[in-house]
Amino acid sequence: MSHLTLAACLSLVATLADAAPISTVTLDGNEAGPTVRVIIARTERGKALGVDKQLAGMLLKKGRLIIETHALAKEIVPGPLPAGVEPSLDLRIMWPKDVKDDFEYEAKPSPQQPLVKATDPEHALKFLRGAIGDSFSAEALELVRVGKLEDGENSAARRVEVSFPAPRSGVSKSRQFRITRRLAAGLLEELGMIDPLTTVWPPGFPDRPLVCCYDAEGVGYYGSTLLERVVDETTLDVHVVSVCPEDIREGALDKAEGVLFPGGSGKEIARALRPEGVEKVRAFVAGGKGFFGVCAGAYFAASGLEEYTGMMHLKHHQPWAKGKGVVKMDLTPEGKLLLGSEFSNIETRYNCGPVFMDLTDPPPDGDHRPVTVLARFGSPATDAAGVTHDSMVGTPAILSTTWKKGRVMTISPHPEGHPEFNALVARCIGWTLGKDTMSILPKTQ
């Protein structure tokens, strides 16, 4: 018999501890039935409702659903089950940093297809394709590959492992979460544990102060992540959930008080949402809810292109590509009262955000109201051709307005990229939700 040294034993214990579940949620139906374990190898910020919390909204008719959240690790060690209990289904959703072996991405430059291994590959592929639906093109859907998974430690259980590529530009975290929700719901429905899922969110998805953050085509790599950080690291009393165009078109905003649109491309956001998705956003705000947009989200709120929402009547100045870099931003007297005098004069990253030079009066339609300038550019940007756009100095950097019954706030530069300005951005979001902005502080205070 071999013997482990003390150091090796301690190393093994530490590895197992790191691989153990961070949290476990158990849901029980009204009747006895199958046990299903879902392992999510991903954690989110405290106020971000990840896929584990979304699945916890399933309402079981029978059986038991165990949802384990694990840190991303080389090895996943499932938590202990009650004596004599073996799951009928073991579903594992993972985000490995590198996918190798016989599963290598072929789609370039931004692979989005999940890679699947299962004890019953054909069965898994059927349900996975149903979960994907029209989220992928037919060509992308054909690139989804499934491999055989040995039974392993659960010889009587059906195992399915889904590996998603790490979210980055062109790969939507919110869409990955959507596919996971739909896949889990389909498998649970097959087992008779739940009724068919007919809405975006599971029926028990928490009713709490909630904002939806758009995270899909048209959004840059860190856009939604930075806004999640703003919410999480301030006393803004809301939770945030990522949504994709399909979610919005199917009513994802119904549970929310506000919607956030990060930087990227306003035109690509509108194109991804399609006219019906854009109209969903307009109807949401018209009904009295909040809209916050930064850079691309600011373009999307305005009227520069026909496919934008048009909730803010202003049109951006051309050429739109004013350049990138660090610019000065100065709060107006109204901005100091609403957003805090500590942010009176700051320097912030800028990346071709909208410049509104002509603050025209709103149309006499009764829906639009005049804009309020809360901050102005204090220095210009220089574009790729070396042209310095001095004319943007003094034009609005932060704007607020109301549209029908809702509130709209836009920021042209990117203060959300600077942690020291989290409270400034959180107050902008808070205003769209009707909150007392000056009560919103950094968590460290």
# chains A, B, ... in the order shown; residues from 1 in each chain; ligands from 1
$ residues_around --residues "Ile429 (chain A)" --least-positions-apart "2" --cutoff "12 Å" --atoms "only C-alpha atoms" --output "number ranges by chain"
A: 210-213, 227-228, 230-231, 234-238, 240, 257-262, 289-294, 338-339, 398, 400, 407-411, 416, 422-427, 431-438, 440
$ residues_around --residues "Asp120 (chain A)" --least-positions-apart "5" --cutoff "9 Å" --atoms "only C-alpha atoms" --output "number ranges by chain"
A: 125, 147-149, 158-160
$ closest_residue --among "A:Leu188, A:Ala20, A:Ala140, A:Leu226" --to "Pro419 (chain A)" --atoms "only C-alpha atoms"
A:Leu226
$ select_by_dssp --residues "region 103-218 of chain A" --states "strand (DSSP E)" --output "number ranges by chain"
A: 115-118, 145-148, 158-163, 210-214
$ select_by_dssp --residues "region 96-285 of chain A" --states "helix (DSSP H, G or I)" --output "VMD selection string"
chain A and resid 121 to 132 138 to 142 173 to 190 223 to 232 245 to 249 252 to 255 266 to 285
$ closest_residue --among "A:Thr402, A:Ile93, A:Ile194, A:Gly84" --to "Asp28 (chain A)" --atoms "only C-alpha atoms"
A:Ile194
$ closest_residue --among "A:Asp134, A:Glu142, A:Glu276, A:Asp52" --to "Pro21 (chain A)" --atoms "only C-alpha atoms"
A:Asp52
$ atom_distance --atom1 "CA of Leu183 (chain A)" --atom2 "CA of Ile132 (chain A)"
8.1 Å
$ closest_residue --among "A:Gly220, A:Lys47, A:Arg37, A:Leu55" --to "Val85 (chain A)" --atoms "only C-alpha atoms"
A:Arg37
$ residues_around --residues "region 161-177 of chain A" --least-positions-apart "5" --cutoff "9 Å" --atoms "only C-alpha atoms" --output "number ranges by chain"
A: 50-51, 54, 90-99, 109-118, 132, 135, 149, 182, 214-222, 241-247
$ write_last_selection --atoms "C-alpha atoms" --output "compact mmCIF listing (two decimals), in the first residue's frame"
# COMPACT_ATOMS: atom_id res chain seq x y z
CA GLY A 50 -26.73 33.83 -12.77
CA VAL A 51 -28.08 30.70 -14.36
CA GLN A 54 -32.53 31.31 -12.64
CA ASP A 90 -26.79 14.54 -13.92
CA LEU A 91 -26.54 17.76 -15.97
CA ARG A 92 -23.26 19.70 -15.84
CA ILE A 93 -22.85 23.15 -17.38
CA MET A 94 -19.23 24.28 -17.63
CA TRP A 95 -17.10 27.13 -18.97
CA PRO A 96 -13.61 25.62 -19.39
CA LYS A 97 -10.94 28.12 -20.34
CA ASP A 98 -9.47 25.78 -22.93
CA VAL A 99 -11.43 23.12 -24.78
CA PRO A 109 -13.44 34.00 -35.41
CA SER A 110 -15.97 33.82 -32.56
CA PRO A 111 -17.16 30.27 -31.88
CA GLN A 112 -20.40 30.28 -29.95
CA GLN A 113 -21.57 26.68 -30.12
CA PRO A 114 -21.58 24.62 -26.92
CA LEU A 115 -19.69 21.34 -26.94
CA VAL A 116 -21.49 18.34 -25.48
CA LYS A 117 -20.61 14.94 -24.09
CA ALA A 118 -23.32 12.59 -22.87
CA ILE A 132 -31.00 26.55 -28.90
CA SER A 135 -30.64 31.47 -31.30
CA LEU A 149 -19.42 10.09 -22.22
CA ARG A 182 -34.37 25.78 -21.86
CA TYR A 214 -28.39 43.62 -22.49
CA ASP A 215 -25.49 41.25 -23.25
CA ALA A 216 -25.37 40.07 -26.86
CA GLU A 217 -24.62 41.31 -30.37
CA GLY A 218 -23.58 44.94 -30.50
CA VAL A 219 -22.01 44.95 -27.02
CA GLY A 220 -18.26 45.08 -26.42
CA TYR A 221 -16.33 42.53 -24.40
CA TYR A 222 -16.54 44.19 -21.00
CA VAL A 241 -29.82 39.78 -14.90
CA SER A 242 -28.30 39.46 -18.37
CA VAL A 243 -30.65 39.23 -21.35
CA CYS A 244 -30.25 38.56 -25.08
CA PRO A 245 -32.44 39.69 -28.01
CA GLU A 246 -34.54 36.52 -27.95
CA ASP A 247 -35.23 37.06 -24.24
$ residues_around --residues "region 63-69 of chain A" --least-positions-apart "2" --cutoff "8 Å" --atoms "only C-alpha atoms" --output "JSON list (two decimals) with N, CA and C atoms, in the first residue's frame"
[["chain", "number", "residue", "atom", "x", "y", "z"],
["A", 21, "PRO", "N", -18.90, 22.19, -3.95],
["A", 21, "PRO", "CA", -19.87, 23.24, -4.29],
["A", 21, "PRO", "C", -19.70, 24.48, -3.43],
["A", 22, "ILE", "N", -19.85, 25.64, -4.07],
["A", 22, "ILE", "CA", -19.89, 26.89, -3.32],
["A", 22, "ILE", "C", -21.23, 27.03, -2.63],
["A", 23, "SER", "N", -22.28, 26.61, -3.32],
["A", 23, "SER", "CA", -23.62, 26.66, -2.74],
["A", 23, "SER", "C", -24.46, 25.54, -3.34],
["A", 24, "THR", "N", -25.47, 25.13, -2.60],
["A", 24, "THR", "CA", -26.39, 24.09, -3.06],
["A", 24, "THR", "C", -27.81, 24.52, -2.73],
["A", 25, "VAL", "N", -28.68, 24.44, -3.73],
["A", 25, "VAL", "CA", -30.10, 24.72, -3.54],
["A", 25, "VAL", "C", -30.87, 23.46, -3.89],
["A", 26, "THR", "N", -31.77, 23.05, -3.01],
["A", 26, "THR", "CA", -32.58, 21.85, -3.25],
["A", 26, "THR", "C", -34.05, 22.23, -3.34],
["A", 27, "LEU", "N", -34.69, 21.83, -4.43],
["A", 27, "LEU", "CA", -36.11, 22.07, -4.64],
["A", 27, "LEU", "C", -36.84, 20.74, -4.61],
["A", 28, "ASP", "N", -37.95, 20.70, -3.89],
["A", 28, "ASP", "CA", -38.75, 19.48, -3.79],
["A", 28, "ASP", "C", -40.14, 19.71, -4.35],
["A", 29, "GLY", "N", -40.62, 18.75, -5.13],
["A", 29, "GLY", "CA", -41.97, 18.81, -5.64],
["A", 29, "GLY", "C", -42.99, 18.34, -4.62],
["A", 30, "ASN", "N", -44.26, 18.39, -4.98],
["A", 30, "ASN", "CA", -45.32, 17.97, -4.07],
["A", 30, "ASN", "C", -45.44, 16.46, -3.98],
["A", 31, "GLU", "N", -44.87, 15.77, -4.95],
["A", 31, "GLU", "CA", -44.95, 14.31, -4.98],
["A", 31, "GLU", "C", -43.55, 13.73, -5.13],
["A", 32, "ALA", "N", -43.42, 12.47, -4.75],
["A", 32, "ALA", "CA", -42.16, 11.76, -4.95],
["A", 32, "ALA", "C", -41.90, 11.61, -6.44],
["A", 33, "GLY", "N", -40.64, 11.55, -6.79],
["A", 33, "GLY", "CA", -40.31, 11.41, -8.20],
["A", 33, "GLY", "C", -38.80, 11.35, -8.37],
["A", 34, "PRO", "N", -38.32, 11.54, -9.59],
["A", 34, "PRO", "CA", -36.88, 11.43, -9.86],
["A", 34, "PRO", "C", -36.09, 12.51, -9.14],
["A", 35, "THR", "N", -34.81, 12.24, -8.98],
["A", 35, "THR", "CA", -33.86, 13.24, -8.49],
["A", 35, "THR", "C", -32.97, 13.66, -9.65],
["A", 36, "VAL", "N", -32.86, 14.96, -9.84],
["A", 36, "VAL", "CA", -32.00, 15.51, -10.89],
["A", 36, "VAL", "C", -31.00, 16.45, -10.24],
["A", 37, "ARG", "N", -29.73, 16.29, -10.62],
["A", 37, "ARG", "CA", -28.70, 17.20, -10.12],
["A", 37, "ARG", "C", -28.18, 18.02, -11.29],
["A", 38, "VAL", "N", -28.15, 19.35, -11.09],
["A", 38, "VAL", "CA", -27.58, 20.26, -12.08],
["A", 38, "VAL", "C", -26.38, 20.95, -11.45],
["A", 39, "ILE", "N", -25.25, 20.83, -12.10],
["A", 39, "ILE", "CA", -24.02, 21.47, -11.61],
["A", 39, "ILE", "C", -23.68, 22.62, -12.54],
["A", 40, "ILE", "N", -23.57, 23.82, -11.98],
["A", 40, "ILE", "CA", -23.19, 25.01, -12.73],
["A", 40, "ILE", "C", -21.78, 25.40, -12.32],
["A", 41, "ALA", "N", -20.83, 25.25, -13.22],
["A", 41, "ALA", "CA", -19.44, 25.57, -12.90],
["A", 41, "ALA", "C", -19.14, 27.01, -13.27],
["A", 42, "ARG", "N", -19.82, 27.91, -12.58],
["A", 42, "ARG", "CA", -19.64, 29.33, -12.85],
["A", 42, "ARG", "C", -20.28, 30.12, -11.73],
["A", 43, "THR", "N", -19.63, 31.17, -11.29],
["A", 43, "THR", "CA", -20.20, 32.03, -10.26],
["A", 43, "THR", "C", -20.32, 33.45, -10.82],
["A", 52, "ASP", "N", -27.65, 29.66, -12.18],
["A", 52, "ASP", "CA", -28.03, 28.84, -11.03],
["A", 52, "ASP", "C", -29.26, 29.41, -10.33],
["A", 55, "LEU", "N", -32.37, 28.88, -12.56],
["A", 55, "LEU", "CA", -32.92, 27.53, -12.49],
["A", 55, "LEU", "C", -33.62, 27.28, -11.15],
["A", 56, "ALA", "N", -33.21, 28.00, -10.12],
["A", 56, "ALA", "CA", -33.86, 27.84, -8.82],
["A", 56, "ALA", "C", -35.30, 28.32, -8.84],
["A", 60, "LEU", "N", -41.42, 22.63, -9.16],
["A", 60, "LEU", "CA", -41.50, 21.18, -9.37],
["A", 60, "LEU", "C", -42.87, 20.64, -8.99],
["A", 61, "LYS", "N", -43.41, 19.79, -9.85],
["A", 61, "LYS", "CA", -44.62, 19.04, -9.51],
["A", 61, "LYS", "C", -44.26, 17.81, -8.69],
["A", 71, "ALA", "N", -17.05, 26.74, -8.36],
["A", 71, "ALA", "CA", -16.06, 27.60, -8.99],
["A", 71, "ALA", "C", -15.48, 26.85, -10.19],
["A", 78, "PRO", "N", -18.79, 16.63, -7.25],
["A", 78, "PRO", "CA", -20.17, 16.88, -6.83],
["A", 78, "PRO", "C", -20.32, 16.78, -5.32],
["A", 79, "GLY", "N", -21.27, 17.52, -4.79],
["A", 79, "GLY", "CA", -21.54, 17.45, -3.36],
["A", 79, "GLY", "C", -22.18, 16.13, -2.98],
["A", 193, "MET", "N", -41.39, 16.26, -14.22],
["A", 193, "MET", "CA", -41.15, 16.98, -12.96],
["A", 193, "MET", "C", -41.70, 18.40, -12.99]]
$ atom_distance --atom1 "CA of Tyr350 (chain A)" --atom2 "CA of Val326 (chain A)"
5.7 Å
$ closest_residue --among "A:Glu86, A:Asp254, A:Asp207, A:Glu307" --to "Ala272 (chain A)" --atoms "only C-alpha atoms"
A:Glu307
